[in-house]
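Trainee: Input structure: input33.cif, which contains mmCIF, N, CA and C atoms.
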data_structure
loop_
_atom_site.group_PDB
_atom_site.id
_atom_site.type_symbol
_atom_site.label_atom_id
_atom_site.label_comp_id
_atom_site.auth_asym_id
_atom_site.auth_seq_id
_atom_site.Cartn_x
_atom_site.Cartn_y
_atom_site.Cartn_z
ATOM 1 N N THR L 1 2.927 36.936 30.938
ATOM 2 C CA THR L 1 3.152 36.333 32.249
ATOM 3 C C THR L 1 4.420 35.492 32.212
ATOM 4 N N LEU L 2 4.971 35.224 33.365
ATOM 5 C CA LEU L 2 6.175 34.407 33.463
ATOM 6 C C LEU L 2 5.826 32.930 33.337
ATOM 7 N N ALA L 3 6.794 32.139 32.952
ATOM 8 C CA ALA L 3 6.573 30.696 32.809
ATOM 9 C C ALA L 3 6.208 30.069 34.144
ATOM 10 N N PHE L 4 5.323 29.091 34.098
ATOM 11 C CA PHE L 4 4.899 28.319 35.260
ATOM 12 C C PHE L 4 4.136 29.136 36.297
ATOM 13 N N GLN L 5 3.557 30.256 35.880
ATOM 14 C CA GLN L 5 2.708 31.043 36.756
ATOM 15 C C GLN L 5 1.355 31.191 36.081
ATOM 16 N N PRO L 6 0.290 31.407 36.859
ATOM 17 C CA PRO L 6 -1.033 31.570 36.243
ATOM 18 C C PRO L 6 -1.068 32.773 35.312
ATOM 19 N N GLY L 7 -1.855 32.677 34.239
ATOM 20 C CA GLY L 7 -2.004 33.785 33.307
ATOM 21 C C GLY L 7 -2.892 34.870 33.892
ATOM 22 N N SER L 8 -3.000 35.969 33.178
ATOM 23 C CA SER L 8 -3.858 37.051 33.645
ATOM 24 C C SER L 8 -5.079 37.156 32.740
ATOM 25 N N ILE L 9 -6.160 37.666 33.279
ATOM 26 C CA ILE L 9 -7.382 37.856 32.517
ATOM 27 C C ILE L 9 -7.164 39.022 31.561
ATOM 28 N N THR L 10 -7.553 38.831 30.315
ATOM 29 C CA THR L 10 -7.290 39.819 29.280
ATOM 30 C C THR L 10 -8.577 40.178 28.559
ATOM 31 N N LYS L 11 -8.762 41.476 28.302
ATOM 32 C CA LYS L 11 -9.863 41.948 27.475
ATOM 33 C C LYS L 11 -9.262 42.353 26.132
ATOM 34 N N MET L 12 -9.861 41.864 25.029
ATOM 35 C CA MET L 12 -9.315 42.145 23.711
ATOM 36 C C MET L 12 -10.389 42.785 22.832
ATOM 37 N N ASP L 13 -10.037 43.884 22.161
ATOM 38 C CA ASP L 13 -10.890 44.526 21.166
ATOM 39 C C ASP L 13 -10.196 44.403 19.822
ATOM 40 N N THR L 14 -10.962 44.085 18.766
ATOM 41 C CA THR L 14 -10.382 43.855 17.448
ATOM 42 C C THR L 14 -11.180 44.587 16.377
ATOM 43 N N ALA L 15 -10.456 45.174 15.415
ATOM 44 C CA ALA L 15 -11.058 45.746 14.211
ATOM 45 C C ALA L 15 -10.290 45.170 13.030
ATOM 46 N N ARG L 16 -11.031 44.728 11.999
ATOM 47 C CA ARG L 16 -10.369 44.066 10.863
ATOM 48 C C ARG L 16 -11.047 44.452 9.557
ATOM 49 N N PHE L 17 -10.227 44.708 8.552
ATOM 50 C CA PHE L 17 -10.698 44.952 7.195
ATOM 51 C C PHE L 17 -10.006 43.953 6.284
ATOM 52 N N GLN L 18 -10.793 43.250 5.471
ATOM 53 C CA GLN L 18 -10.236 42.239 4.578
ATOM 54 C C GLN L 18 -10.873 42.393 3.202
ATOM 55 N N ALA L 19 -10.046 42.291 2.165
ATOM 56 C CA ALA L 19 -10.545 42.393 0.791
ATOM 57 C C ALA L 19 -9.920 41.290 -0.054
ATOM 58 N N ILE L 20 -10.721 40.738 -0.966
ATOM 59 C CA ILE L 20 -10.249 39.704 -1.892
ATOM 60 C C ILE L 20 -10.706 40.090 -3.291
ATOM 61 N N TRP L 21 -9.794 40.001 -4.243
ATOM 62 C CA TRP L 21 -10.093 40.372 -5.617
ATOM 63 C C TRP L 21 -9.701 39.216 -6.535
ATOM 64 N N ASP L 22 -10.666 38.666 -7.256
ATOM 65 C CA ASP L 22 -10.388 37.639 -8.267
ATOM 66 C C ASP L 22 -9.968 38.359 -9.548
ATOM 67 N N MET L 23 -8.655 38.498 -9.752
ATOM 68 C CA MET L 23 -8.145 39.225 -10.913
ATOM 69 C C MET L 23 -8.479 38.493 -12.210
ATOM 70 N N THR L 24 -8.249 37.198 -12.221
ATOM 71 C CA THR L 24 -8.574 36.333 -13.359
ATOM 72 C C THR L 24 -9.091 35.017 -12.793
ATOM 73 N N ARG L 25 -9.343 34.062 -13.649
ATOM 74 C CA ARG L 25 -9.771 32.744 -13.152
ATOM 75 C C ARG L 25 -8.666 32.036 -12.384
ATOM 76 N N THR L 26 -7.425 32.358 -12.684
ATOM 77 C CA THR L 26 -6.308 31.633 -12.068
ATOM 78 C C THR L 26 -5.581 32.411 -10.973
ATOM 79 N N PHE L 27 -5.820 33.713 -10.827
ATOM 80 C CA PHE L 27 -5.118 34.503 -9.816
ATOM 81 C C PHE L 27 -6.106 35.273 -8.941
ATOM 82 N N THR L 28 -5.844 35.219 -7.625
ATOM 83 C CA THR L 28 -6.621 35.962 -6.643
ATOM 84 C C THR L 28 -5.652 36.770 -5.786
ATOM 85 N N LEU L 29 -5.980 38.035 -5.552
ATOM 86 C CA LEU L 29 -5.181 38.914 -4.712
ATOM 87 C C LEU L 29 -5.999 39.257 -3.477
ATOM 88 N N GLY L 30 -5.372 39.179 -2.314
ATOM 89 C CA GLY L 30 -6.078 39.476 -1.067
ATOM 90 C C GLY L 30 -5.234 40.320 -0.145
ATOM 91 N N GLY L 31 -5.897 41.008 0.766
ATOM 92 C CA GLY L 31 -5.190 41.823 1.741
ATOM 93 C C GLY L 31 -6.004 41.969 3.009
ATOM 94 N N THR L 32 -5.304 42.181 4.113
ATOM 95 C CA THR L 32 -5.948 42.341 5.417
ATOM 96 C C THR L 32 -5.227 43.420 6.203
ATOM 97 N N PHE L 33 -5.999 44.221 6.920
ATOM 98 C CA PHE L 33 -5.454 45.155 7.899
ATOM 99 C C PHE L 33 -6.209 44.917 9.194
ATOM 100 N N GLU L 34 -5.479 44.728 10.285
ATOM 101 C CA GLU L 34 -6.114 44.377 11.556
ATOM 102 C C GLU L 34 -5.464 45.137 12.709
ATOM 103 N N TYR L 35 -6.292 45.560 13.648
ATOM 104 C CA TYR L 35 -5.832 46.213 14.871
ATOM 105 C C TYR L 35 -6.428 45.459 16.064
ATOM 106 N N ARG L 36 -5.599 45.199 17.064
ATOM 107 C CA ARG L 36 -6.067 44.561 18.301
ATOM 108 C C ARG L 36 -5.523 45.335 19.495
ATOM 109 N N GLN L 37 -6.375 45.478 20.511
ATOM 110 C CA GLN L 37 -5.939 46.090 21.761
ATOM 111 C C GLN L 37 -6.165 45.076 22.876
ATOM 112 N N TYR L 38 -5.112 44.800 23.624
ATOM 113 C CA TYR L 38 -5.178 43.877 24.753
ATOM 114 C C TYR L 38 -5.056 44.688 26.037
ATOM 115 N N VAL L 39 -6.027 44.549 26.922
ATOM 116 C CA VAL L 39 -5.983 45.188 28.236
ATOM 117 C C VAL L 39 -5.903 44.076 29.267
ATOM 118 N N TYR L 40 -4.821 44.054 30.029
ATOM 119 C CA TYR L 40 -4.622 43.027 31.054
ATOM 120 C C TYR L 40 -5.253 43.530 32.345
ATOM 121 N N LEU L 41 -6.309 42.852 32.790
ATOM 122 C CA LEU L 41 -7.021 43.269 33.989
ATOM 123 C C LEU L 41 -6.142 43.056 35.227
ATOM 124 N N ASN L 42 -6.319 43.914 36.213
ATOM 125 C CA ASN L 42 -5.493 43.929 37.427
ATOM 126 C C ASN L 42 -4.031 44.211 37.114
ATOM 127 N N SER L 43 -3.781 44.945 36.030
ATOM 128 C CA SER L 43 -2.430 45.301 35.619
ATOM 129 C C SER L 43 -2.503 46.630 34.873
ATOM 130 N N THR L 44 -1.389 47.304 34.767
ATOM 131 C CA THR L 44 -1.332 48.554 33.989
ATOM 132 C C THR L 44 -0.917 48.295 32.545
ATOM 133 N N ARG L 45 -0.629 47.050 32.211
ATOM 134 C CA ARG L 45 -0.146 46.710 30.873
ATOM 135 C C ARG L 45 -1.274 46.805 29.831
ATOM 136 N N ILE L 46 -0.960 47.448 28.706
ATOM 137 C CA ILE L 46 -1.853 47.532 27.552
ATOM 138 C C ILE L 46 -1.006 47.303 26.305
ATOM 139 N N ASP L 47 -1.458 46.404 25.431
ATOM 140 C CA ASP L 47 -0.743 46.106 24.181
ATOM 141 C C ASP L 47 -1.609 46.507 22.994
ATOM 142 N N HIS L 48 -0.956 47.011 21.959
ATOM 143 C CA HIS L 48 -1.606 47.336 20.692
ATOM 144 C C HIS L 48 -0.898 46.546 19.603
ATOM 145 N N THR L 49 -1.656 45.809 18.798
ATOM 146 C CA THR L 49 -1.090 45.001 17.723
ATOM 147 C C THR L 49 -1.655 45.493 16.400
ATOM 148 N N TRP L 50 -0.771 45.786 15.457
ATOM 149 C CA TRP L 50 -1.143 46.192 14.107
ATOM 150 C C TRP L 50 -0.628 45.126 13.155
ATOM 151 N N VAL L 51 -1.484 44.628 12.265
ATOM 152 C CA VAL L 51 -1.088 43.585 11.315
ATOM 153 C C VAL L 51 -1.557 43.996 9.917
ATOM 154 N N GLY L 52 -0.647 43.955 8.975
ATOM 155 C CA GLY L 52 -0.978 44.177 7.572
ATOM 156 C C GLY L 52 -0.470 42.993 6.778
ATOM 157 N N SER L 53 -1.290 42.469 5.876
ATOM 158 C CA SER L 53 -0.844 41.319 5.083
ATOM 159 C C SER L 53 -1.410 41.411 3.672
ATOM 160 N N VAL L 54 -0.698 40.783 2.763
ATOM 161 C CA VAL L 54 -1.124 40.686 1.368
ATOM 162 C C VAL L 54 -0.788 39.283 0.887
ATOM 163 N N ASN L 55 -1.654 38.732 0.026
ATOM 164 C CA ASN L 55 -1.369 37.398 -0.506
ATOM 165 C C ASN L 55 -1.851 37.300 -1.940
ATOM 166 N N ILE L 56 -1.220 36.395 -2.657
ATOM 167 C CA ILE L 56 -1.624 36.098 -4.023
ATOM 168 C C ILE L 56 -1.776 34.586 -4.130
ATOM 169 N N THR L 57 -2.843 34.160 -4.790
ATOM 170 C CA THR L 57 -3.121 32.738 -4.937
ATOM 171 C C THR L 57 -3.179 32.393 -6.416
ATOM 172 N N TYR L 58 -2.478 31.335 -6.779
ATOM 173 C CA TYR L 58 -2.547 30.783 -8.129
ATOM 174 C C TYR L 58 -3.376 29.508 -8.038
ATOM 175 N N TRP L 59 -4.521 29.482 -8.733
ATOM 176 C CA TRP L 59 -5.430 28.346 -8.675
ATOM 177 C C TRP L 59 -5.019 27.302 -9.705
ATOM 178 N N LEU L 60 -4.480 26.180 -9.232
ATOM 179 C CA LEU L 60 -4.086 25.074 -10.102
ATOM 180 C C LEU L 60 -5.313 24.377 -10.684
ATOM 181 N N ARG L 61 -6.328 24.278 -9.859
ATOM 182 C CA ARG L 61 -7.624 23.704 -10.227
ATOM 183 C C ARG L 61 -8.687 24.655 -9.693
ATOM 184 N N PRO L 62 -9.939 24.515 -10.116
ATOM 185 C CA PRO L 62 -10.950 25.450 -9.628
ATOM 186 C C PRO L 62 -11.091 25.499 -8.103
ATOM 187 N N ARG L 63 -10.722 24.431 -7.411
ATOM 188 C CA ARG L 63 -10.895 24.399 -5.953
ATOM 189 C C ARG L 63 -9.605 24.256 -5.162
ATOM 190 N N PHE L 64 -8.454 24.276 -5.811
ATOM 191 C CA PHE L 64 -7.187 24.146 -5.092
ATOM 192 C C PHE L 64 -6.164 25.111 -5.663
ATOM 193 N N GLY L 65 -5.516 25.893 -4.762
ATOM 194 C CA GLY L 65 -4.531 26.861 -5.202
ATOM 195 C C GLY L 65 -3.318 26.900 -4.301
ATOM 196 N N ILE L 66 -2.259 27.500 -4.820
ATOM 197 C CA ILE L 66 -1.016 27.739 -4.081
ATOM 198 C C ILE L 66 -0.999 29.215 -3.699
ATOM 199 N N THR L 67 -0.710 29.510 -2.420
ATOM 200 C CA THR L 67 -0.771 30.877 -1.907
ATOM 201 C C THR L 67 0.584 31.339 -1.387
ATOM 202 N N LEU L 68 0.987 32.540 -1.798
ATOM 203 C CA LEU L 68 2.167 33.218 -1.262
ATOM 204 C C LEU L 68 1.653 34.378 -0.420
ATOM 205 N N ASP L 69 2.088 34.435 0.848
ATOM 206 C CA ASP L 69 1.559 35.415 1.795
ATOM 207 C C ASP L 69 2.700 36.175 2.456
ATOM 208 N N TYR L 70 2.530 37.499 2.609
ATOM 209 C CA TYR L 70 3.470 38.348 3.350
ATOM 210 C C TYR L 70 2.691 39.085 4.429
ATOM 211 N N SER L 71 3.199 39.082 5.667
ATOM 212 C CA SER L 71 2.556 39.784 6.778
ATOM 213 C C SER L 71 3.589 40.601 7.549
ATOM 214 N N HIS L 72 3.158 41.768 8.007
ATOM 215 C CA HIS L 72 3.994 42.620 8.865
ATOM 216 C C HIS L 72 3.234 42.836 10.173
ATOM 217 N N TYR L 73 3.871 42.528 11.289
ATOM 218 C CA TYR L 73 3.289 42.670 12.619
ATOM 219 C C TYR L 73 4.033 43.771 13.373
ATOM 220 N N LEU L 74 3.287 44.629 14.059
ATOM 221 C CA LEU L 74 3.871 45.655 14.913
ATOM 222 C C LEU L 74 3.167 45.581 16.258
ATOM 223 N N ILE L 75 3.935 45.327 17.311
ATOM 224 C CA ILE L 75 3.394 45.224 18.665
ATOM 225 C C ILE L 75 3.908 46.428 19.458
ATOM 226 N N GLU L 76 2.977 47.216 19.994
ATOM 227 C CA GLU L 76 3.326 48.346 20.848
ATOM 228 C C GLU L 76 2.758 48.067 22.234
ATOM 229 N N THR L 77 3.563 48.264 23.252
ATOM 230 C CA THR L 77 3.137 47.988 24.621
ATOM 231 C C THR L 77 3.694 49.057 25.547
ATOM 232 N N ASN L 78 3.096 49.192 26.727
ATOM 233 C CA ASN L 78 3.619 50.136 27.705
ATOM 234 C C ASN L 78 4.646 49.481 28.631
ATOM 235 N N VAL L 79 5.025 48.245 28.355
ATOM 236 C CA VAL L 79 6.089 47.570 29.088
ATOM 237 C C VAL L 79 7.427 48.064 28.525
ATOM 238 N N VAL L 80 8.348 48.410 29.399
ATOM 239 C CA VAL L 80 9.632 48.947 28.969
ATOM 240 C C VAL L 80 10.357 47.937 28.070
ATOM 241 N N ALA L 81 10.810 48.394 26.912
ATOM 242 C CA ALA L 81 11.542 47.589 25.916
ATOM 243 C C ALA L 81 10.725 46.401 25.420
ATOM 244 N N GLY L 82 9.401 46.523 25.409
ATOM 245 C CA GLY L 82 8.546 45.428 24.979
ATOM 246 C C GLY L 82 8.053 45.541 23.544
ATOM 247 N N ASN L 83 8.270 46.681 22.885
ATOM 248 C CA ASN L 83 7.816 46.854 21.505
ATOM 249 C C ASN L 83 8.651 46.024 20.546
ATOM 250 N N TYR L 84 8.002 45.470 19.527
ATOM 251 C CA TYR L 84 8.758 44.775 18.486
ATOM 252 C C TYR L 84 7.910 44.653 17.233
ATOM 253 N N SER L 85 8.595 44.314 16.144
ATOM 254 C CA SER L 85 7.911 44.074 14.873
ATOM 255 C C SER L 85 8.543 42.856 14.224
ATOM 256 N N ARG L 86 7.781 42.259 13.294
ATOM 257 C CA ARG L 86 8.318 41.117 12.565
ATOM 258 C C ARG L 86 7.654 41.050 11.199
ATOM 259 N N ASP L 87 8.370 40.461 10.271
ATOM 260 C CA ASP L 87 7.869 40.210 8.935
ATOM 261 C C ASP L 87 7.838 38.704 8.732
ATOM 262 N N PHE L 88 6.782 38.230 8.054
ATOM 263 C CA PHE L 88 6.606 36.796 7.886
ATOM 264 C C PHE L 88 6.162 36.513 6.459
ATOM 265 N N VAL L 89 6.852 35.590 5.805
ATOM 266 C CA VAL L 89 6.506 35.157 4.445
ATOM 267 C C VAL L 89 6.197 33.666 4.494
ATOM 268 N N SER L 90 5.087 33.269 3.859
ATOM 269 C CA SER L 90 4.739 31.847 3.861
ATOM 270 C C SER L 90 4.233 31.424 2.485
ATOM 271 N N LEU L 91 4.363 30.151 2.234
ATOM 272 C CA LEU L 91 3.880 29.539 1.003
ATOM 273 C C LEU L 91 3.028 28.345 1.432
ATOM 274 N N GLY L 92 1.813 28.264 0.894
ATOM 275 C CA GLY L 92 0.929 27.184 1.325
ATOM 276 C C GLY L 92 -0.142 26.870 0.306
ATOM 277 N N GLY L 93 -1.064 26.023 0.694
ATOM 278 C CA GLY L 93 -2.168 25.633 -0.165
ATOM 279 C C GLY L 93 -3.473 26.202 0.333
ATOM 280 N N LYS L 94 -4.419 26.340 -0.572
ATOM 281 C CA LYS L 94 -5.727 26.875 -0.231
ATOM 282 C C LYS L 94 -6.785 26.125 -1.015
ATOM 283 N N THR L 95 -7.940 25.934 -0.391
ATOM 284 C CA THR L 95 -9.045 25.284 -1.068
ATOM 285 C C THR L 95 -10.307 26.092 -0.854
ATOM 286 N N ARG L 96 -11.270 25.914 -1.753
ATOM 287 C CA ARG L 96 -12.563 26.582 -1.590
ATOM 288 C C ARG L 96 -13.658 25.627 -2.018
ATOM 289 N N PHE L 97 -14.825 25.829 -1.451
ATOM 290 C CA PHE L 97 -15.939 24.936 -1.709
ATOM 291 C C PHE L 97 -17.025 25.646 -2.472
#
Any chance you could give the structure as structure tokens?
Mentor:
Amino acid sequence: TLAFQPGSITKMDTARFQAIWDMTRTFTLGGTFEYRQYVYLNSTRIDHTWVGSVNITYWLRPRFGITLDYSHYLIETNVVAGNYSRDFVSLGGKTRF
């Protein structure tokens, strides 16, 4: 929607697969694949979002780790010239209980 105008009602369907593997006590490998479909009601617009990500965590302590994450996003839409993709790399912390 355009800025300063009311948004539109959206129906979203999502499918997600996520896996985590504790390779050793100090390293964890994870990955996610996700698909989302956005249907804008009272509009012909439909968006499809594909996301794939992988991360590795180094556990400094049993409950605190440093995580390096890479994600690739692909957005497909029926809006003219609206398709795009992006890659994102992040470094952060993670905890578990």
Trainee: Please evaluate the PyMOL selection byres ((chain L and resi 19) around 8) against the structure above and give the resulting residues as a list in words.
Mentor: Arg16, Phe17, Gln18, Ile20, Trp21, Asp22, Leu29, Gly30, Gly31, Thr32 and Phe33 of chain L
Trainee: Which residues match the PyMOL selection byres ((chain L and resi 68) around 6.5) in the file above, as a PyMOL selection string?
Mentor: chain L and resi 54-58+66-67+69-70+90-92
Trainee: List the residues matched by the PyMOL selection byres ((chain L and resi 76-82) around 8) in the displayed structure as a list in words, ordered by chain and then by residue number.
Mentor: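 This file gives the following for the PyMOL selection byres ((chain L and resi 76-82) around 8): Thr44, Arg45, Ile46, Asp47, His48, Thr49, Trp50, Tyr73, Leu74, Ile75, Asn83, Tyr84 and Ser85 of chain L.
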Trainee: Take the residues from that selection and write them out as a PDB file, in the frame of the given file, keeping N, CA and C atoms.
Mentor:
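What follows is the written file result_14.pdb:
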ATOM      1  N   THR L  44      -1.389  47.304  34.767  1.00  0.00           N
ATOM      2  CA  THR L  44      -1.332  48.554  33.989  1.00  0.00           C
ATOM      3  C   THR L  44      -0.917  48.295  32.545  1.00  0.00           C
ATOM      4  N   ARG L  45      -0.629  47.050  32.211  1.00  0.00           N
ATOM      5  CA  ARG L  45      -0.146  46.710  30.873  1.00  0.00           C
ATOM      6  C   ARG L  45      -1.274  46.805  29.831  1.00  0.00           C
ATOM      7  N   ILE L  46      -0.960  47.448  28.706  1.00  0.00           N
ATOM      8  CA  ILE L  46      -1.853  47.532  27.552  1.00  0.00           C
ATOM      9  C   ILE L  46      -1.006  47.303  26.305  1.00  0.00           C
ATOM     10  N   ASP L  47      -1.458  46.404  25.431  1.00  0.00           N
ATOM     11  CA  ASP L  47      -0.743  46.106  24.181  1.00  0.00           C
ATOM     12  C   ASP L  47      -1.609  46.507  22.994  1.00  0.00           C
ATOM     13  N   HIS L  48      -0.956  47.011  21.959  1.00  0.00           N
ATOM     14  CA  HIS L  48      -1.606  47.336  20.692  1.00  0.00           C
ATOM     15  C   HIS L  48      -0.898  46.546  19.603  1.00  0.00           C
ATOM     16  N   THR L  49      -1.656  45.809  18.798  1.00  0.00           N
ATOM     17  CA  THR L  49      -1.090  45.001  17.723  1.00  0.00           C
ATOM     18  C   THR L  49      -1.655  45.493  16.400  1.00  0.00           C
ATOM     19  N   TRP L  50      -0.771  45.786  15.457  1.00  0.00           N
ATOM     20  CA  TRP L  50      -1.143  46.192  14.107  1.00  0.00           C
ATOM     21  C   TRP L  50      -0.628  45.126  13.155  1.00  0.00           C
ATOM     22  N   TYR L  73       3.871  42.528  11.289  1.00  0.00           N
ATOM     23  CA  TYR L  73       3.289  42.670  12.619  1.00  0.00           C
ATOM     24  C   TYR L  73       4.033  43.771  13.373  1.00  0.00           C
ATOM     25  N   LEU L  74       3.287  44.629  14.059  1.00  0.00           N
ATOM     26  CA  LEU L  74       3.871  45.655  14.913  1.00  0.00           C
ATOM     27  C   LEU L  74       3.167  45.581  16.258  1.00  0.00           C
ATOM     28  N   ILE L  75       3.935  45.327  17.311  1.00  0.00           N
ATOM     29  CA  ILE L  75       3.394  45.224  18.665  1.00  0.00           C
ATOM     30  C   ILE L  75       3.908  46.428  19.458  1.00  0.00           C
ATOM     31  N   ASN L  83       8.270  46.681  22.885  1.00  0.00           N
ATOM     32  CA  ASN L  83       7.816  46.854  21.505  1.00  0.00           C
ATOM     33  C   ASN L  83       8.651  46.024  20.546  1.00  0.00           C
ATOM     34  N   TYR L  84       8.002  45.470  19.527  1.00  0.00           N
ATOM     35  CA  TYR L  84       8.758  44.775  18.486  1.00  0.00           C
ATOM     36  C   TYR L  84       7.910  44.653  17.233  1.00  0.00           C
ATOM     37  N   SER L  85       8.595  44.314  16.144  1.00  0.00           N
ATOM     38  CA  SER L  85       7.911  44.074  14.873  1.00  0.00           C
ATOM     39  C   SER L  85       8.543  42.856  14.224  1.00  0.00           C
TER      40      SER L  85
END
Trainee: Enter the distance from CA of Pro62 in chain L to atom C of Asp87 in chain L, in Å, rounded to one decimal.
Mentor: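 CA of Pro62 in chain L sits 29.4 Å away from atom C of Asp87 in chain L.
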Trainee: Name the residues of chain L that fall into strand (DSSP E) according to DSSP on the backbone, using the chain letters and numbers of this document, as number ranges by chain.
Mentor: L: 10-22, 27-40, 46-61, 64-77, 84-95
Trainee: Rounded to one decimal in Å, what is the spacing between atom C of Tyr35 in chain L and atom N of Arg86 in chain L?
Mentor: 14.8 Å
Trainee: Taking 3 positions as the minimum chain separation for residues in the same chain, which residues sit within 8 Å of Met12 in chain L when counting only C-alpha atoms? Answer as a PyMOL selection string.
Mentor: chain L and resi 36-39
Trainee: Could you turn the residues from that selection into a file that holds N, CA and C atoms, as a JSON list (two decimals), in the frame of the given file?
Mentor:
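New file again-v2.json:
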[["chain", "number", "residue", "atom", "x", "y", "z"],
["L", 36, "ARG", "N", -5.60, 45.20, 17.06],
["L", 36, "ARG", "CA", -6.07, 44.56, 18.30],
["L", 36, "ARG", "C", -5.52, 45.34, 19.50],
["L", 37, "GLN", "N", -6.38, 45.48, 20.51],
["L", 37, "GLN", "CA", -5.94, 46.09, 21.76],
["L", 37, "GLN", "C", -6.16, 45.08, 22.88],
["L", 38, "TYR", "N", -5.11, 44.80, 23.62],
["L", 38, "TYR", "CA", -5.18, 43.88, 24.75],
["L", 38, "TYR", "C", -5.06, 44.69, 26.04],
["L", 39, "VAL", "N", -6.03, 44.55, 26.92],
["L", 39, "VAL", "CA", -5.98, 45.19, 28.24],
["L", 39, "VAL", "C", -5.90, 44.08, 29.27]]
Trainee: Can you measure CA of Ser71 in chain L to atom C of Val89 in chain L for me? One decimal in Å is fine.
Mentor: 7.5 Å
Trainee: Nearest to Gly65 in chain L among L:Thr95, L:Glu34, L:Met23, L:Ser53, with distances taken over all atoms listed in the file: which residue is it?
Mentor: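 Among the listed residues, the smallest separation from Gly65 in chain L belongs to L:Thr95.
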Trainee: Could you add whatever atoms are missing so that range 34-47 of chain L carries N, CA, C and O atoms, then write the result as a compact mmCIF listing (two decimals), in the frame of the given file?
Mentor:
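The result, stored in part22.txt:
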# COMPACT_ATOMS: atom_id res chain seq x y z
N GLU L 34 -5.48 44.73 10.28
CA GLU L 34 -6.11 44.38 11.56
C GLU L 34 -5.46 45.14 12.71
O GLU L 34 -4.25 45.33 12.73
N TYR L 35 -6.29 45.56 13.65
CA TYR L 35 -5.83 46.21 14.87
C TYR L 35 -6.43 45.46 16.06
O TYR L 35 -7.61 45.14 16.07
N ARG L 36 -5.60 45.20 17.06
CA ARG L 36 -6.07 44.56 18.30
C ARG L 36 -5.52 45.34 19.50
O ARG L 36 -4.37 45.75 19.49
N GLN L 37 -6.38 45.48 20.51
CA GLN L 37 -5.94 46.09 21.76
C GLN L 37 -6.16 45.08 22.88
O GLN L 37 -7.27 44.54 23.03
N TYR L 38 -5.11 44.80 23.62
CA TYR L 38 -5.18 43.88 24.75
C TYR L 38 -5.06 44.69 26.04
O TYR L 38 -4.08 45.43 26.22
N VAL L 39 -6.03 44.55 26.92
CA VAL L 39 -5.98 45.19 28.24
C VAL L 39 -5.90 44.08 29.27
O VAL L 39 -6.79 43.23 29.34
N TYR L 40 -4.82 44.05 30.03
CA TYR L 40 -4.62 43.03 31.05
C TYR L 40 -5.25 43.53 32.34
O TYR L 40 -4.81 44.53 32.91
N LEU L 41 -6.31 42.85 32.79
CA LEU L 41 -7.02 43.27 33.99
C LEU L 41 -6.14 43.06 35.23
O LEU L 41 -5.32 42.15 35.28
N ASN L 42 -6.32 43.91 36.21
CA ASN L 42 -5.49 43.93 37.43
C ASN L 42 -4.03 44.21 37.11
O ASN L 42 -3.13 43.74 37.81
N SER L 43 -3.78 44.94 36.03
CA SER L 43 -2.43 45.30 35.62
C SER L 43 -2.50 46.63 34.87
O SER L 43 -3.55 47.02 34.36
N THR L 44 -1.39 47.30 34.77
CA THR L 44 -1.33 48.55 33.99
C THR L 44 -0.92 48.30 32.54
O THR L 44 -0.87 49.21 31.74
N ARG L 45 -0.63 47.05 32.21
CA ARG L 45 -0.15 46.71 30.87
C ARG L 45 -1.27 46.80 29.83
O ARG L 45 -2.38 46.31 30.03
N ILE L 46 -0.96 47.45 28.71
CA ILE L 46 -1.85 47.53 27.55
C ILE L 46 -1.01 47.30 26.30
O ILE L 46 0.05 47.92 26.14
N ASP L 47 -1.46 46.40 25.43
CA ASP L 47 -0.74 46.11 24.18
C ASP L 47 -1.61 46.51 22.99
O ASP L 47 -2.83 46.34 23.01
